[in-house]
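Peer 1: Provided herewith is a single structure, encoded as structure tokens, for subsequent inquiry.
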Amino acid sequence: MDERLRRWRLVLGGGEADGTGFVPQGSDVRMDEALDAVYDLRPERAGGLGASAPRVARWLGDIRSYFPSTVVQVMQQDAIERLDLTSLLLEPEMLEAVEPDVHLVGTLLALNNVMPDRARESARAVVRKVVSELEREMAQRVRSAVDGALNRAARTNRPRRAADIDWDRTIRVNLRHYLPDRRTVVPSRLVGYARRRRGVQREVVLCVDQSGSMASSVVHAGVFGAVLASMGSLKTSLVVFDTAVADLTEHLHDPVEVLFGTQLGGGTDINRAVAYAEGLISRPADSIFVLVSDLFEGGVRQEMLRRIAAMTRAGVQVIVLLALSDDGAPFYDHDNAVALAAMGVPAFACTPDAFPALMAAAIERRDLAGWAERAPS
């Protein structure tokens, strides 16, 4: 019972209303103070971290001592947003003390244009650490999923071995030859996997909205773009946009350079970005166009919808991701999402964990709307 009261006291923060009667002792006092600095908004309490870099640095050290790294990352982000500590993130000493995560990278990218030179190298070190961890977690999964999908997408009607037969497709194309009395299907045509040809098999264009609300999605898209670009079977392009369009394809060998080439914030002109992306596609039937955007269009809406419809008619596999992050349900333009769905273009949020499977489904030209409904959230 004492442990339960202790935990509730730390959650509720003390005062007359918490009702626990528990008095923190020892290290619990420091833990309580660390929580109060961000979450205690009572006017009679002198909470907060002020504008003192040393005090913030001590607080960062305290929370890393008392809480696991996942909790530390949440508390850091809350402190940045609730206490307006963004200016302190421009200090190298502060950057060396924080726990790196995707949200922190997004904040640093948003501050890129105002970042003093003395903080730039520290900021790059933070971004590189997060990017390296993401690449390590995802690279092999992406490559395996894409390679497997390309192998399955290579079809033949004359498979050489039984192991090469795609039994599911073979049964479906031969259902008219079903013999009820024998309860069997007599296949007149086999469908199997062929050896995949060498060289570029698919063109992939990632078109990423860099408005401020898309920060986490920009980070993940940059990392995934770099992984896809490392595969010889794909020709990968990366375009980011606000009211202007920036082609970052030449930087895909280094995702840190990609991310520092973005400019988070500003308006949105999806139509202009789609128009540019159209020019990058040379083989529509073998192309996948991934638009990562909340769909709040500041440009010409009808022209944007017309362009996407034309791409699908030409054979391009078009996917709209309302978010590519773990941030929960995204805020997006429902009218544009409905308009896209009406033309057969699915618009849904995708977590980074699900992205490799999404790319595999796109390569195999599966029903992506159905895939999105079945995909884990």
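By order in the structure tokens, chains are A, B, ...; within a chain, residues start at 1; ligands start at 1, following the order shown.
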For A:Ser188, find every residue with an atom within 12 Å (counting only C-alpha atoms), except residues of its own chain fewer than 3 positions away, and show them as JSON, numbers by chain.
Peer 2: {"A": [157, 158, 170, 171, 172, 173, 174, 175, 176, 177, 178, 185, 191]}
Peer 1: Export, as an mmCIF file, in the first residue's frame, the selected residues with N, CA and C atoms.
Peer 2:
```cif
data_model
loop_
_atom_site.group_PDB
_atom_site.id
_atom_site.type_symbol
_atom_site.label_atom_id
_atom_site.label_comp_id
_atom_site.auth_asym_id
_atom_site.auth_seq_id
_atom_site.Cartn_x
_atom_site.Cartn_y
_atom_site.Cartn_z
ATOM 1 N N ASN A 157 4.598 -18.115 -66.154
ATOM 2 C CA ASN A 157 3.612 -19.183 -66.335
ATOM 3 C C ASN A 157 4.274 -20.540 -66.535
ATOM 4 N N ARG A 158 5.595 -20.561 -66.435
ATOM 5 C CA ARG A 158 6.321 -21.825 -66.597
ATOM 6 C C ARG A 158 7.366 -21.964 -65.491
ATOM 7 N N THR A 170 -2.202 -19.690 -58.472
ATOM 8 C CA THR A 170 -2.490 -20.798 -59.390
ATOM 9 C C THR A 170 -3.899 -21.340 -59.168
ATOM 10 N N ILE A 171 -4.281 -21.517 -57.920
ATOM 11 C CA ILE A 171 -5.626 -22.036 -57.614
ATOM 12 C C ILE A 171 -6.688 -21.043 -58.067
ATOM 13 N N ARG A 172 -6.439 -19.736 -57.812
ATOM 14 C CA ARG A 172 -7.444 -18.735 -58.168
ATOM 15 C C ARG A 172 -7.684 -18.664 -59.680
ATOM 16 N N VAL A 173 -6.606 -18.755 -60.479
ATOM 17 C CA VAL A 173 -6.803 -18.641 -61.937
ATOM 18 C C VAL A 173 -7.367 -19.927 -62.540
ATOM 19 N N ASN A 174 -7.407 -20.999 -61.730
ATOM 20 C CA ASN A 174 -7.910 -22.272 -62.258
ATOM 21 C C ASN A 174 -9.193 -22.745 -61.584
ATOM 22 N N LEU A 175 -9.874 -21.854 -60.879
ATOM 23 C CA LEU A 175 -11.089 -22.269 -60.174
ATOM 24 C C LEU A 175 -12.174 -22.782 -61.121
ATOM 25 N N ARG A 176 -12.181 -22.317 -62.350
ATOM 26 C CA ARG A 176 -13.193 -22.794 -63.303
ATOM 27 C C ARG A 176 -12.983 -24.260 -63.663
ATOM 28 N N HIS A 177 -11.824 -24.806 -63.331
ATOM 29 C CA HIS A 177 -11.525 -26.216 -63.603
ATOM 30 C C HIS A 177 -11.707 -27.078 -62.351
ATOM 31 N N TYR A 178 -12.518 -26.575 -61.410
ATOM 32 C CA TYR A 178 -12.785 -27.346 -60.192
ATOM 33 C C TYR A 178 -13.693 -28.540 -60.505
ATOM 34 N N VAL A 185 -8.974 -29.159 -57.939
ATOM 35 C CA VAL A 185 -8.813 -28.237 -59.062
ATOM 36 C C VAL A 185 -7.777 -28.818 -60.007
ATOM 37 N N VAL A 191 1.065 -20.578 -62.192
ATOM 38 C CA VAL A 191 1.619 -19.246 -61.947
ATOM 39 C C VAL A 191 2.727 -19.395 -60.917
#
```
Peer 1: Looking only at the backbone, which of the residues in stretch 276-327 of chain A does DSSP tag as helix (DSSP H, G or I), as a list in words?
Peer 2: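 Taking stretch 276-327 of chain A and keeping helix (DSSP H, G or I) gives Tyr276, Ala277, Glu278, Pro284, Ala285, Asp286, Arg301, Gln302, Glu303, Met304, Leu305, Arg306, Arg307, Ile308, Ala309, Ala310, Met311, Thr312 and Arg313 of chain A.
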Peer 1: Keeping only N, CA and C atoms, write the selected residues as a PDB file, in the first residue's frame.
Peer 2:
```pdb
ATOM      1  N   TYR A 276       6.290  18.719 -59.661  1.00  0.00           N
ATOM      2  CA  TYR A 276       7.723  18.446 -59.784  1.00  0.00           C
ATOM      3  C   TYR A 276       7.976  16.931 -59.783  1.00  0.00           C
ATOM      4  N   ALA A 277       7.291  16.217 -58.895  1.00  0.00           N
ATOM      5  CA  ALA A 277       7.501  14.770 -58.785  1.00  0.00           C
ATOM      6  C   ALA A 277       7.119  14.056 -60.080  1.00  0.00           C
ATOM      7  N   GLU A 278       6.092  14.539 -60.758  1.00  0.00           N
ATOM      8  CA  GLU A 278       5.693  13.934 -62.033  1.00  0.00           C
ATOM      9  C   GLU A 278       6.862  13.888 -63.005  1.00  0.00           C
ATOM     10  N   PRO A 284       6.065   4.961 -65.509  1.00  0.00           N
ATOM     11  CA  PRO A 284       4.894   4.998 -64.625  1.00  0.00           C
ATOM     12  C   PRO A 284       4.440   3.631 -64.122  1.00  0.00           C
ATOM     13  N   ALA A 285       4.428   2.636 -64.974  1.00  0.00           N
ATOM     14  CA  ALA A 285       3.930   1.322 -64.572  1.00  0.00           C
ATOM     15  C   ALA A 285       4.822   0.648 -63.543  1.00  0.00           C
ATOM     16  N   ASP A 286       6.057   1.103 -63.435  1.00  0.00           N
ATOM     17  CA  ASP A 286       6.999   0.530 -62.472  1.00  0.00           C
ATOM     18  C   ASP A 286       7.365   1.535 -61.384  1.00  0.00           C
ATOM     19  N   ARG A 301      -6.058  23.388 -55.061  1.00  0.00           N
ATOM     20  CA  ARG A 301      -6.528  22.064 -54.647  1.00  0.00           C
ATOM     21  C   ARG A 301      -6.964  21.215 -55.834  1.00  0.00           C
ATOM     22  N   GLN A 302      -7.815  21.731 -56.691  1.00  0.00           N
ATOM     23  CA  GLN A 302      -8.337  20.935 -57.801  1.00  0.00           C
ATOM     24  C   GLN A 302      -7.228  20.492 -58.746  1.00  0.00           C
ATOM     25  N   GLU A 303      -6.249  21.336 -58.941  1.00  0.00           N
ATOM     26  CA  GLU A 303      -5.129  20.967 -59.808  1.00  0.00           C
ATOM     27  C   GLU A 303      -4.305  19.859 -59.164  1.00  0.00           C
ATOM     28  N   MET A 304      -4.140  19.915 -57.840  1.00  0.00           N
ATOM     29  CA  MET A 304      -3.419  18.857 -57.128  1.00  0.00           C
ATOM     30  C   MET A 304      -4.131  17.520 -57.293  1.00  0.00           C
ATOM     31  N   LEU A 305      -5.446  17.519 -57.109  1.00  0.00           N
ATOM     32  CA  LEU A 305      -6.220  16.285 -57.258  1.00  0.00           C
ATOM     33  C   LEU A 305      -6.169  15.784 -58.697  1.00  0.00           C
ATOM     34  N   ARG A 306      -6.228  16.711 -59.658  1.00  0.00           N
ATOM     35  CA  ARG A 306      -6.169  16.317 -61.072  1.00  0.00           C
ATOM     36  C   ARG A 306      -4.840  15.655 -61.395  1.00  0.00           C
ATOM     37  N   ARG A 307      -3.751  16.207 -60.883  1.00  0.00           N
ATOM     38  CA  ARG A 307      -2.423  15.633 -61.155  1.00  0.00           C
ATOM     39  C   ARG A 307      -2.304  14.222 -60.582  1.00  0.00           C
ATOM     40  N   ILE A 308      -2.791  14.028 -59.357  1.00  0.00           N
ATOM     41  CA  ILE A 308      -2.691  12.703 -58.736  1.00  0.00           C
ATOM     42  C   ILE A 308      -3.555  11.705 -59.492  1.00  0.00           C
ATOM     43  N   ALA A 309      -4.731  12.138 -59.936  1.00  0.00           N
ATOM     44  CA  ALA A 309      -5.590  11.248 -60.732  1.00  0.00           C
ATOM     45  C   ALA A 309      -4.894  10.851 -62.033  1.00  0.00           C
ATOM     46  N   ALA A 310      -4.213  11.800 -62.664  1.00  0.00           N
ATOM     47  CA  ALA A 310      -3.502  11.505 -63.911  1.00  0.00           C
ATOM     48  C   ALA A 310      -2.361  10.520 -63.670  1.00  0.00           C
ATOM     49  N   MET A 311      -1.679  10.650 -62.548  1.00  0.00           N
ATOM     50  CA  MET A 311      -0.596   9.718 -62.236  1.00  0.00           C
ATOM     51  C   MET A 311      -1.128   8.304 -62.075  1.00  0.00           C
ATOM     52  N   THR A 312      -2.247   8.155 -61.380  1.00  0.00           N
ATOM     53  CA  THR A 312      -2.801   6.811 -61.190  1.00  0.00           C
ATOM     54  C   THR A 312      -3.255   6.222 -62.514  1.00  0.00           C
ATOM     55  N   ARG A 313      -3.856   7.043 -63.385  1.00  0.00           N
ATOM     56  CA  ARG A 313      -4.284   6.542 -64.703  1.00  0.00           C
ATOM     57  C   ARG A 313      -3.098   6.090 -65.545  1.00  0.00           C
TER      58      ARG A 313
END
```
Peer 1: Can you pull out every residue within 8 Å of A:Leu95, counting only C-alpha atoms, but drop anything in the same chain fewer than 2 positions away, and send it as number ranges by chain?
Peer 2: A: 89-93, 97-98, 119, 122-123, 126
Peer 1: Going by DSSP on the backbone, which bits of stretch 86-217 of chain A are strand (DSSP E)? Write them as an MDAnalysis selection string, please.
Peer 2: chainID A and resid 155:156 178:179 184:185 192:193 202:209
Peer 1: Can I get the selection written as a compact mmCIF listing (two decimals), in the first residue's frame, with C-alpha atoms?
Peer 2:
```txt
# COMPACT_ATOMS: atom_id res chain seq x y z
CA ARG A 155 5.97 -13.92 -62.33
CA THR A 156 6.11 -16.72 -64.88
CA TYR A 178 -12.78 -27.35 -60.19
CA LEU A 179 -14.10 -30.96 -60.21
CA THR A 184 -10.00 -30.86 -56.59
CA VAL A 185 -8.81 -28.24 -59.06
CA GLY A 192 5.02 -19.08 -60.37
CA TYR A 193 7.96 -16.92 -59.44
CA ARG A 202 11.09 0.18 -59.50
CA GLU A 203 11.23 3.95 -59.32
CA VAL A 204 10.33 5.36 -55.89
CA VAL A 205 9.60 9.05 -55.33
CA LEU A 206 9.19 10.22 -51.74
CA CYS A 207 7.50 13.63 -51.63
CA VAL A 208 7.52 14.99 -48.07
CA ASP A 209 5.63 17.92 -46.58
```
Peer 1: Looking at only C-alpha atoms, which of A:Arg6, A:Ser325, A:Arg152, A:Glu133 is the one that sits closest to A:Gln25?
Peer 2: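 Going through A:Arg6, A:Ser325, A:Arg152, A:Glu133 one by one, the smallest distance to A:Gln25 is for A:Arg6.
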Peer 1: Quick one: distance from atom CA of A:Asp32 to atom CA of A:Arg9 in Å, one decimal?
Peer 2: 8.8 Å
Peer 1: From the list A:Leu264, A:Gly298, A:Phe289, A:Gly328, which residue is nearest A:Ala362 when using only C-alpha atoms?
Peer 2: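 Comparing A:Leu264, A:Gly298, A:Phe289, A:Gly328 against A:Ala362, the winner is A:Phe289.
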Peer 1: Counting only C-alpha atoms, which residue out of A:Gly265, A:Gly225, A:Pro68, A:Gly26 sits closest to A:Leu238?
Peer 2: A:Gly225
Peer 1: What's the 9 Å shell around stretch 215-220 of chain A, counting only C-alpha atoms, without same-chain residues fewer than 6 positions away, as a PyMOL selection string?
Peer 2: chain A and resi 102-103+105-107+109-110+131+134+208-209+240+255+259+262+264-265+292-293+323-327+352
Peer 1: For the residues selected in the previous step, produce a file with N, CA and C atoms as an mmCIF file, in the first residue's frame.
Peer 2:
```cif
data_model
loop_
_atom_site.group_PDB
_atom_site.id
_atom_site.type_symbol
_atom_site.label_atom_id
_atom_site.label_comp_id
_atom_site.auth_asym_id
_atom_site.auth_seq_id
_atom_site.Cartn_x
_atom_site.Cartn_y
_atom_site.Cartn_z
ATOM 1 N N VAL A 102 13.648 11.377 -31.766
ATOM 2 C CA VAL A 102 13.116 11.921 -33.019
ATOM 3 C C VAL A 102 12.517 13.305 -32.826
ATOM 4 N N HIS A 103 11.799 13.510 -31.717
ATOM 5 C CA HIS A 103 11.171 14.807 -31.487
ATOM 6 C C HIS A 103 12.209 15.903 -31.284
ATOM 7 N N VAL A 105 15.185 15.894 -32.587
ATOM 8 C CA VAL A 105 15.733 16.161 -33.925
ATOM 9 C C VAL A 105 14.816 17.115 -34.685
ATOM 10 N N GLY A 106 13.505 16.884 -34.604
ATOM 11 C CA GLY A 106 12.560 17.774 -35.271
ATOM 12 C C GLY A 106 12.683 19.201 -34.775
ATOM 13 N N THR A 107 12.847 19.368 -33.470
ATOM 14 C CA THR A 107 13.012 20.708 -32.900
ATOM 15 C C THR A 107 14.295 21.361 -33.396
ATOM 16 N N LEU A 109 15.902 20.733 -36.178
ATOM 17 C CA LEU A 109 15.778 21.074 -37.596
ATOM 18 C C LEU A 109 14.965 22.355 -37.780
ATOM 19 N N ALA A 110 13.952 22.542 -36.935
ATOM 20 C CA ALA A 110 13.160 23.766 -37.017
ATOM 21 C C ALA A 110 13.981 24.994 -36.634
ATOM 22 N N VAL A 131 19.692 9.304 -36.139
ATOM 23 C CA VAL A 131 19.605 8.729 -37.480
ATOM 24 C C VAL A 131 20.281 7.359 -37.527
ATOM 25 N N LEU A 134 18.036 4.800 -35.916
ATOM 26 C CA LEU A 134 16.901 4.468 -36.781
ATOM 27 C C LEU A 134 17.334 3.582 -37.946
ATOM 28 N N VAL A 208 7.758 14.812 -49.506
ATOM 29 C CA VAL A 208 7.521 14.987 -48.071
ATOM 30 C C VAL A 208 7.206 16.435 -47.725
ATOM 31 N N ASP A 209 6.077 16.618 -47.087
ATOM 32 C CA ASP A 209 5.626 17.916 -46.584
ATOM 33 C C ASP A 209 6.510 18.304 -45.387
ATOM 34 N N VAL A 240 11.311 17.439 -50.830
ATOM 35 C CA VAL A 240 10.620 18.047 -49.695
ATOM 36 C C VAL A 240 10.030 19.372 -50.164
ATOM 37 N N PRO A 255 21.844 10.686 -44.694
ATOM 38 C CA PRO A 255 20.552 11.193 -44.223
ATOM 39 C C PRO A 255 20.660 12.409 -43.316
ATOM 40 N N LEU A 259 18.425 15.760 -43.773
ATOM 41 C CA LEU A 259 17.602 16.411 -42.755
ATOM 42 C C LEU A 259 17.977 17.880 -42.581
ATOM 43 N N THR A 262 16.344 20.276 -45.002
ATOM 44 C CA THR A 262 14.930 20.628 -44.872
ATOM 45 C C THR A 262 14.791 21.944 -44.126
ATOM 46 N N LEU A 264 11.844 23.126 -41.749
ATOM 47 C CA LEU A 264 10.548 22.871 -41.138
ATOM 48 C C LEU A 264 9.809 24.166 -40.868
ATOM 49 N N GLY A 265 8.502 24.147 -41.172
ATOM 50 C CA GLY A 265 7.676 25.324 -40.951
ATOM 51 C C GLY A 265 7.233 25.918 -42.273
ATOM 52 N N VAL A 292 3.896 12.221 -48.426
ATOM 53 C CA VAL A 292 3.767 12.273 -46.972
ATOM 54 C C VAL A 292 3.312 13.687 -46.609
ATOM 55 N N SER A 293 2.042 13.827 -46.251
ATOM 56 C CA SER A 293 1.494 15.162 -46.023
ATOM 57 C C SER A 293 0.201 15.077 -45.228
ATOM 58 N N ALA A 323 0.826 10.618 -42.045
ATOM 59 C CA ALA A 323 1.945 10.728 -41.107
ATOM 60 C C ALA A 323 2.811 9.493 -41.276
ATOM 61 N N LEU A 324 4.105 9.643 -41.041
ATOM 62 C CA LEU A 324 5.040 8.524 -41.016
ATOM 63 C C LEU A 324 5.769 8.629 -39.684
ATOM 64 N N SER A 325 5.067 8.271 -38.619
ATOM 65 C CA SER A 325 5.610 8.500 -37.282
ATOM 66 C C SER A 325 4.862 7.642 -36.268
ATOM 67 N N ASP A 326 5.328 7.715 -35.018
ATOM 68 C CA ASP A 326 4.663 7.037 -33.897
ATOM 69 C C ASP A 326 3.877 8.022 -33.044
ATOM 70 N N ASP A 327 3.535 9.172 -33.598
ATOM 71 C CA ASP A 327 2.947 10.245 -32.802
ATOM 72 C C ASP A 327 1.452 10.102 -32.555
ATOM 73 N N PRO A 352 6.585 3.913 -38.472
ATOM 74 C CA PRO A 352 7.859 3.482 -39.060
ATOM 75 C C PRO A 352 8.007 1.956 -39.099
#
```
Peer 1: Residues near A:Gly299, anyone? I mean within 9 Å using only C-alpha atoms, not counting same-chain ones fewer than 5 positions away, as a list in words.
Peer 2: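 Contacts, with the query itself left out: Thr243, Thr268, Asp269, Ile270, Asn271, Arg272 and Met304 of chain A.
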Peer 1: Write to file, as a PDB file, in the first residue's frame, the residues of the selection just made, with C-alpha atoms.
Peer 2:
```
ATOM      1  CA  THR A 243       5.516  26.651 -50.710  1.00  0.00           C
ATOM      2  CA  THR A 268       2.243  24.242 -48.098  1.00  0.00           C
ATOM      3  CA  ASP A 269       1.854  23.920 -51.868  1.00  0.00           C
ATOM      4  CA  ILE A 270       1.178  20.245 -52.532  1.00  0.00           C
ATOM      5  CA  ASN A 271       0.210  20.868 -56.139  1.00  0.00           C
ATOM      6  CA  ARG A 272       3.623  22.352 -56.941  1.00  0.00           C
ATOM      7  CA  MET A 304      -3.419  18.857 -57.128  1.00  0.00           C
TER       8      MET A 304
END
```
Peer 1: Find the distance between atom CA of A:Gly344 and atom CA of A:Gln317 and write it in Å to one decimal.
Peer 2: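 Separation between atom CA of A:Gly344 and atom CA of A:Gln317: 10.2 Å.
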Peer 1: Suppose you want the space between atom CA of A:Gln140 and atom CA of A:Ala357; what is it in Å?
Peer 2: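 A separation of 12.2 Å between them.
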Peer 1: Select, from A:Met138, A:Ala375, A:Ala314, A:Arg169, the residue with the minimum atom-to-atom distance to A:Ala153, counting only C-alpha atoms.
Peer 2: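 Of A:Met138, A:Ala375, A:Ala314, A:Arg169, the one nearest A:Ala153 is A:Arg169, counting only C-alpha atoms.
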